[in-house]
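Peer 1: Structure file work.cif (mmCIF, C-alpha atoms) is given on the next line.
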```
data_final
loop_
_atom_site.group_PDB
_atom_site.id
_atom_site.type_symbol
_atom_site.label_atom_id
_atom_site.label_comp_id
_atom_site.auth_asym_id
_atom_site.auth_seq_id
_atom_site.Cartn_x
_atom_site.Cartn_y
_atom_site.Cartn_z
ATOM 1 C CA MET A 25 3.001 -15.589 1.202
ATOM 2 C CA ARG A 26 2.820 -12.537 -1.037
ATOM 3 C CA VAL A 27 2.957 -8.849 -0.075
ATOM 4 C CA VAL A 28 2.512 -6.264 -2.808
ATOM 5 C CA VAL A 29 2.563 -2.467 -2.447
ATOM 6 C CA GLN A 30 1.839 -0.795 -5.765
ATOM 7 C CA ASP A 31 0.363 2.321 -7.372
ATOM 8 C CA ALA A 32 -1.225 0.394 -10.256
ATOM 9 C CA PRO A 33 -4.869 -0.767 -10.012
ATOM 10 C CA PHE A 34 -5.528 -4.467 -9.433
ATOM 11 C CA ASP A 35 -8.434 -6.853 -9.921
ATOM 12 C CA PRO A 36 -9.434 -8.384 -6.544
ATOM 13 C CA GLY A 37 -11.470 -11.110 -8.283
ATOM 14 C CA ALA A 38 -8.593 -12.253 -10.467
ATOM 15 C CA GLU A 39 -6.180 -12.065 -7.515
ATOM 16 C CA LEU A 40 -8.526 -14.174 -5.375
ATOM 17 C CA THR A 41 -8.913 -16.775 -8.127
ATOM 18 C CA ALA A 42 -5.136 -17.027 -8.500
ATOM 19 C CA PHE A 43 -4.653 -17.162 -4.709
ATOM 20 C CA SER A 44 -7.255 -19.942 -4.340
ATOM 21 C CA ALA A 45 -5.740 -21.909 -7.226
ATOM 22 C CA GLY A 46 -2.346 -21.686 -5.532
ATOM 23 C CA SER A 47 -3.810 -22.920 -2.228
ATOM 24 C CA ALA A 48 -5.203 -26.211 -3.557
ATOM 25 C CA GLY A 49 -6.287 -28.641 -0.842
ATOM 26 C CA VAL A 50 -6.435 -26.151 2.054
ATOM 27 C CA GLY A 51 -10.193 -26.228 2.670
ATOM 28 C CA ALA A 52 -10.859 -22.532 3.425
ATOM 29 C CA VAL A 53 -10.062 -19.203 1.790
ATOM 30 C CA VAL A 54 -11.258 -15.837 3.170
ATOM 31 C CA SER A 55 -10.716 -12.504 1.472
ATOM 32 C CA PHE A 56 -11.419 -8.856 2.239
ATOM 33 C CA SER A 57 -11.228 -5.920 -0.184
ATOM 34 C CA GLY A 58 -11.242 -2.270 0.847
ATOM 35 C CA ILE A 59 -12.835 0.090 -1.661
ATOM 36 C CA VAL A 60 -12.691 3.900 -1.940
ATOM 37 C CA ARG A 61 -15.931 5.108 -0.320
ATOM 38 C CA ASP A 62 -17.691 8.307 -1.308
ATOM 39 C CA ASP A 63 -20.126 8.943 1.570
ATOM 40 C CA HIS A 64 -21.303 12.394 0.470
ATOM 41 C CA GLY A 65 -21.077 12.076 -3.311
ATOM 42 C CA ASP A 66 -18.407 14.777 -3.577
ATOM 43 C CA LEU A 67 -15.137 12.833 -3.357
ATOM 44 C CA ASP A 68 -12.829 13.553 -6.294
ATOM 45 C CA ALA A 69 -10.017 11.258 -5.200
ATOM 46 C CA LEU A 70 -8.389 9.477 -2.302
ATOM 47 C CA GLU A 71 -4.650 9.967 -2.121
ATOM 48 C CA ILE A 72 -2.599 7.389 -0.255
ATOM 49 C CA GLU A 73 0.901 8.116 0.971
ATOM 50 C CA HIS A 74 3.182 5.419 2.361
ATOM 51 C CA TYR A 75 6.688 4.873 3.718
ATOM 52 C CA PRO A 76 8.524 2.895 1.019
ATOM 53 C CA GLY A 77 10.626 0.194 2.609
ATOM 54 C CA MET A 78 8.931 0.224 6.010
ATOM 55 C CA THR A 79 5.546 -0.579 4.457
ATOM 56 C CA GLU A 80 6.729 -3.781 2.783
ATOM 57 C CA ARG A 81 8.720 -4.731 5.856
ATOM 58 C CA ALA A 82 5.842 -4.153 8.287
ATOM 59 C CA LEU A 83 3.312 -6.025 6.147
ATOM 60 C CA THR A 84 5.655 -8.990 5.594
ATOM 61 C CA GLN A 85 6.376 -9.188 9.315
ATOM 62 C CA GLN A 86 2.684 -9.165 10.163
ATOM 63 C CA ALA A 87 1.822 -11.737 7.497
ATOM 64 C CA LYS A 88 4.458 -14.046 8.996
ATOM 65 C CA THR A 89 2.989 -13.511 12.480
ATOM 66 C CA ALA A 90 -0.511 -14.292 11.154
ATOM 67 C CA MET A 91 0.717 -17.468 9.399
ATOM 68 C CA GLN A 92 2.204 -18.718 12.662
ATOM 69 C CA ARG A 93 -0.479 -17.580 15.059
ATOM 70 C CA PHE A 94 -3.432 -18.977 13.093
ATOM 71 C CA GLY A 95 -1.642 -21.823 11.327
ATOM 72 C CA LEU A 96 -2.399 -20.362 7.909
ATOM 73 C CA ALA A 97 -1.314 -22.094 4.720
ATOM 74 C CA ASP A 98 -0.919 -18.819 2.842
ATOM 75 C CA VAL A 99 -1.473 -15.033 3.059
ATOM 76 C CA LEU A 100 -1.875 -12.427 0.339
ATOM 77 C CA VAL A 101 -1.753 -8.663 0.922
ATOM 78 C CA ILE A 102 -2.078 -6.080 -1.847
ATOM 79 C CA HIS A 103 -2.187 -2.369 -0.952
ATOM 80 C CA ARG A 104 -2.180 0.557 -3.346
ATOM 81 C CA TYR A 105 -0.765 4.038 -2.933
ATOM 82 C CA GLY A 106 -1.114 7.195 -5.029
ATOM 83 C CA ARG A 107 -4.315 8.769 -6.308
ATOM 84 C CA LEU A 108 -7.435 6.575 -6.362
ATOM 85 C CA ALA A 109 -10.935 7.320 -7.670
ATOM 86 C CA PRO A 110 -14.176 6.443 -5.782
ATOM 87 C CA ASP A 111 -15.097 2.740 -6.061
ATOM 88 C CA GLU A 112 -11.552 1.661 -6.904
ATOM 89 C CA PRO A 113 -10.137 -1.149 -4.766
ATOM 90 C CA ILE A 114 -7.576 0.200 -2.264
ATOM 91 C CA MET A 115 -6.328 -3.062 -0.865
ATOM 92 C CA MET A 116 -7.093 -6.720 -0.295
ATOM 93 C CA VAL A 117 -6.153 -9.421 2.165
ATOM 94 C CA ALA A 118 -6.672 -13.134 1.566
ATOM 95 C CA THR A 119 -5.909 -16.024 3.888
ATOM 96 C CA ALA A 120 -5.913 -19.766 3.282
ATOM 97 C CA ALA A 121 -6.222 -22.377 6.027
ATOM 98 C CA ALA A 122 -7.506 -25.873 6.680
ATOM 99 C CA HIS A 123 -10.693 -24.545 8.339
ATOM 100 C CA ARG A 124 -12.782 -21.377 8.147
ATOM 101 C CA ARG A 125 -12.158 -20.113 11.672
ATOM 102 C CA ALA A 126 -8.414 -19.731 11.158
ATOM 103 C CA ALA A 127 -8.931 -18.157 7.728
ATOM 104 C CA PHE A 128 -11.481 -15.613 9.072
ATOM 105 C CA GLN A 129 -9.401 -14.782 12.139
ATOM 106 C CA GLY A 130 -6.211 -14.482 10.113
ATOM 107 C CA SER A 131 -7.868 -12.017 7.726
ATOM 108 C CA GLU A 132 -9.331 -9.942 10.576
ATOM 109 C CA PHE A 133 -6.017 -9.883 12.381
ATOM 110 C CA MET A 134 -4.252 -8.698 9.207
ATOM 111 C CA MET A 135 -6.879 -5.978 8.643
ATOM 112 C CA ASP A 136 -6.843 -4.719 12.232
ATOM 113 C CA TYR A 137 -3.090 -4.490 12.075
ATOM 114 C CA LEU A 138 -3.007 -2.857 8.660
ATOM 115 C CA LYS A 139 -5.454 -0.109 9.689
ATOM 116 C CA SER A 140 -3.267 1.311 12.418
ATOM 117 C CA ARG A 141 0.239 -0.172 12.200
ATOM 118 C CA ALA A 142 1.183 -0.211 8.517
ATOM 119 C CA PRO A 143 2.603 3.171 7.426
ATOM 120 C CA PHE A 144 -0.164 4.424 5.113
ATOM 121 C CA TRP A 145 -1.906 7.791 5.289
ATOM 122 C CA LYS A 146 -5.082 8.758 3.465
ATOM 123 C CA LYS A 147 -5.950 12.211 2.174
ATOM 124 C CA GLU A 148 -9.364 13.069 0.741
ATOM 125 C CA HIS A 149 -9.786 15.441 -2.185
ATOM 126 C CA ARG A 150 -13.226 17.125 -2.363
ATOM 127 C CA ALA A 151 -14.266 20.181 -4.358
ATOM 128 C CA GLY A 152 -10.732 21.518 -4.654
ATOM 129 C CA GLN A 153 -10.072 21.026 -0.910
ATOM 130 C CA THR A 154 -7.919 18.369 0.689
ATOM 131 C CA GLU A 155 -8.112 16.829 4.139
ATOM 132 C CA TRP A 156 -6.018 14.157 5.870
ATOM 133 C CA VAL A 157 -8.136 11.322 7.250
ATOM 134 C CA ASN A 158 -7.924 11.045 11.038
ATOM 135 C CA ALA A 159 -7.108 7.748 12.690
ATOM 136 C CA LYS A 160 -10.059 6.233 14.571
ATOM 137 C CA LEU A 161 -9.885 5.143 18.180
ATOM 138 C CA SER A 162 -12.077 2.179 17.259
ATOM 139 C CA ASP A 163 -9.303 0.940 14.944
ATOM 140 C CA GLU A 164 -6.848 1.030 17.824
ATOM 141 C CA ASP A 165 -9.347 -0.872 20.021
ATOM 142 C CA ALA A 166 -9.796 -3.450 17.257
ATOM 143 C CA LEU A 167 -6.071 -4.067 17.258
ATOM 144 C CA MET A 168 -5.839 -4.310 21.046
ATOM 145 C CA ARG A 169 -8.245 -7.251 21.237
ATOM 146 C CA TRP A 170 -5.542 -9.462 19.661
ATOM 147 C CA HIS A 171 -3.189 -8.647 22.535
ATOM 148 C CA ARG A 172 -5.515 -10.004 25.212
ATOM 149 C CA MET B 27 24.449 12.362 11.105
ATOM 150 C CA ILE B 28 20.921 11.080 11.004
ATOM 151 C CA GLU B 29 18.367 10.868 8.207
ATOM 152 C CA ILE B 30 14.977 12.301 9.225
ATOM 153 C CA LEU B 31 11.804 11.555 7.260
ATOM 154 C CA TYR B 32 8.407 13.225 7.555
ATOM 155 C CA PHE B 33 5.090 11.914 6.280
ATOM 156 C CA ALA B 34 1.519 13.106 5.665
ATOM 157 C CA TRP B 35 0.517 16.426 7.330
ATOM 158 C CA LEU B 36 3.792 16.560 9.211
ATOM 159 C CA ARG B 37 5.665 16.558 5.884
ATOM 160 C CA GLU B 38 3.398 19.327 4.617
ATOM 161 C CA ARG B 39 3.815 21.440 7.742
ATOM 162 C CA ILE B 40 7.589 21.168 7.758
ATOM 163 C CA GLY B 41 7.716 21.540 3.993
ATOM 164 C CA ILE B 42 10.216 18.777 3.144
ATOM 165 C CA PRO B 43 9.980 14.967 2.968
ATOM 166 C CA LYS B 44 13.435 14.344 4.433
ATOM 167 C CA GLU B 45 16.682 15.855 5.582
ATOM 168 C CA THR B 46 20.023 14.950 7.070
ATOM 169 C CA TRP B 47 20.671 16.370 10.524
ATOM 170 C CA MET B 48 23.697 16.486 12.782
ATOM 171 C CA THR B 49 22.384 15.559 16.205
ATOM 172 C CA GLU B 50 23.648 15.175 19.729
ATOM 173 C CA ALA B 51 20.331 13.821 20.935
ATOM 174 C CA VAL B 52 20.336 10.759 23.161
ATOM 175 C CA THR B 53 16.658 9.925 22.769
ATOM 176 C CA VAL B 54 13.947 10.616 20.200
ATOM 177 C CA ALA B 55 12.439 13.175 22.585
ATOM 178 C CA ASP B 56 15.798 15.020 22.701
ATOM 179 C CA LEU B 57 15.855 15.062 18.903
ATOM 180 C CA VAL B 58 12.346 16.531 18.864
ATOM 181 C CA ASP B 59 13.553 19.286 21.246
ATOM 182 C CA GLU B 60 16.486 20.067 18.912
ATOM 183 C CA LEU B 61 14.135 20.289 15.933
ATOM 184 C CA ARG B 62 11.612 22.467 17.791
ATOM 185 C CA ALA B 63 14.372 24.929 18.629
ATOM 186 C CA ARG B 64 15.392 25.299 14.965
ATOM 187 C CA GLU B 65 12.472 27.154 13.421
ATOM 188 C CA GLU B 66 8.856 27.952 14.129
ATOM 189 C CA ARG B 67 7.543 25.507 11.517
ATOM 190 C CA TYR B 68 9.201 22.670 13.477
ATOM 191 C CA ALA B 69 7.922 24.015 16.792
ATOM 192 C CA ILE B 70 4.390 24.052 15.388
ATOM 193 C CA ALA B 71 4.653 20.637 13.727
ATOM 194 C CA PHE B 72 5.999 19.017 16.903
ATOM 195 C CA GLU B 73 3.772 20.942 19.318
ATOM 196 C CA ASP B 74 1.892 17.838 20.467
ATOM 197 C CA ILE B 75 3.908 14.647 20.129
ATOM 198 C CA SER B 76 1.049 12.581 21.545
ATOM 199 C CA SER B 77 -0.530 13.043 18.102
ATOM 200 C CA LEU B 78 2.594 11.692 16.385
ATOM 201 C CA ARG B 79 4.310 8.352 15.879
ATOM 202 C CA VAL B 80 7.970 7.567 15.338
ATOM 203 C CA ALA B 81 9.849 4.785 13.552
ATOM 204 C CA LEU B 82 13.548 4.042 14.063
ATOM 205 C CA ASP B 83 15.214 2.314 11.111
ATOM 206 C CA GLN B 84 11.735 1.453 9.815
ATOM 207 C CA GLU B 85 10.448 -0.133 13.052
ATOM 208 C CA LEU B 86 7.732 1.571 15.119
ATOM 209 C CA SER B 87 9.235 2.896 18.308
ATOM 210 C CA SER B 88 8.576 5.437 21.066
ATOM 211 C CA PHE B 89 9.698 8.941 21.950
ATOM 212 C CA ASP B 90 11.728 7.755 24.948
ATOM 213 C CA ALA B 91 13.743 5.299 22.818
ATOM 214 C CA PRO B 92 17.525 5.818 22.530
ATOM 215 C CA LEU B 93 18.954 6.971 19.186
ATOM 216 C CA SER B 94 22.308 5.274 19.475
ATOM 217 C CA GLY B 95 23.138 3.382 16.270
ATOM 218 C CA VAL B 96 19.972 4.610 14.514
ATOM 219 C CA ARG B 97 20.443 5.846 10.945
ATOM 220 C CA GLU B 98 16.879 6.706 9.927
ATOM 221 C CA VAL B 99 14.187 8.369 12.052
ATOM 222 C CA ALA B 100 10.695 8.866 10.641
ATOM 223 C CA PHE B 101 7.966 11.036 12.169
ATOM 224 C CA PHE B 102 4.341 10.793 11.098
ATOM 225 C CA PRO B 103 0.718 11.040 12.293
ATOM 226 C CA PRO B 104 -1.217 7.906 13.315
ATOM 227 C CA MET B 105 -1.554 5.598 10.333
ATOM 228 C CA THR B 106 -4.749 5.281 8.330
ATOM 229 C CA GLY B 107 -4.293 2.325 5.989
ATOM 230 C CA GLY B 108 -6.702 -0.362 4.881
#
```
Written as structure tokens, how would this file's structure read?

Peer 2:
Amino acid sequence: MRVVVQDAPFDPGAELTAFSAGSAGVGAVVSFSGIVRDDHGDLDALEIEHYPGMTERALTQQAKTAMQRFGLADVLVIHRYGRLAPDEPIMMVATAAAHRRAAFQGSEFMMDYLKSRAPFWKKEHRAGQTEWVNAKLSDEDALMRWHR
Amino acid sequence: MIEILYFAWLRERIGIPKETWMTEAVTVADLVDELRAREERYAIAFEDISSLRVALDQELSSFDAPLSGVREVAFFPPMTGG
């Protein structure tokens, strides 16, 4: 299990290759990468703030829960903070398991959690203006389905 | 003495990322009342606590939670990671 919170850029492809190589014999690896989206073509940067200490703690706790709940062989979480440009990777999650179902579910569970329970906040910079991104109700609903 | 941290727009509205505060509050909600009474910028920032979240010693908690033994309280808007 590896949880990384960093301001430096990372290469999701290289990370996935290394993660897969370290999970030899597991049968299934699923990964998700979140990328800075520029819907209107005017985004200068996405700034990500986090709560140092709590972030690492919360992500590690959730990765442990996911390992147990879905019987995962391994979990990787990388999340950046600081100022990011459009098209830069923000974060990635990868899960390894014996079969695809557990790997897919483990990744989705990690993502749903990360969206609304890990202490990150996004701020958009456009044309000299800044705006905090609002949390979506749909993200909260996505998380709730795991509690049923 | 308690360490209080603020994040995102709450940090901007209050104007500082953290501070140490001498409190007699029993619960988080009591602490919020103390802060609101200090200055207008706190009153405005904490106007609607349903739009805020709280963590006690780096664990998500709730506004009715007791503060006894807590060293670090963090207030912030709903999280938007991923």

Peer 1: For chain B against chain A, which residues fall within 12 Å using all atoms listed in the file, given as a PyMOL selection string?

Peer 2: chain B and resi 31-38+43-44+77-87+98-108

Peer 1: Report the centre and edge lengths, in Å to one decimal, of an axis-aligned box enclosing every atom of segment 76-85 of chain B listed in the file, padded by 6 Å on each side, as JSON.

Peer 2:
```
{"center_x": 7.3, "center_y": 6.5, "center_z": 15.7, "size_x": 27.7, "size_y": 25.2, "size_z": 23.7}
```

Peer 1: Any idea what the distance is between atom CA of Asp111 of chain A and atom CA of Pro36 of chain A?

Peer 2: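 Distance between the two atoms: 12.5 Å.
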
Peer 1: What does the PyMOL selection byres ((chain B and resi 57-70) around 10) select in this file, as a VMD selection string?

Peer 2: chain B and resid 36 39 to 41 47 49 to 56 71 to 75 89 93 99 101

Peer 1: With a distance cut-off of 12 Å and only C-alpha atoms, select the neighbouring residues of Leu96 of chain A, excluding the residue or stretch itself and same-chain residues fewer than 4 positions from it, and output the selection as a VMD selection string.

Peer 2: chain A and resid 25 47 50 to 54 87 to 92 100 118 to 131 133 to 134

Peer 1: In Å, how far is it from atom CA of Arg169 of chain A to atom CA of Phe94 of chain A?

Peer 2: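 These two atoms are separated by 15.1 Å.
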
Peer 1: Between atom CA of Leu108 of chain A and atom CA of Leu70 of chain A, what distance in Å does the model show, to one decimal?

Peer 2: 5.1 Å

Peer 1: Show me, as a PyMOL selection string, the residues that have an atom within 12 Å of Gly37 of chain A when counting only C-alpha atoms, minus same-chain residues fewer than 2 positions from it.

Peer 2: chain A and resi 34-35+39-44+55-57+113+116-118

Peer 1: Between A:Arg93, A:Leu83, A:Asp63, A:Asp31, single out the one closest to His171 of chain A, counting all atoms listed in the file.

Peer 2: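 Of all the options, A:Arg93 lies closest to His171 of chain A.
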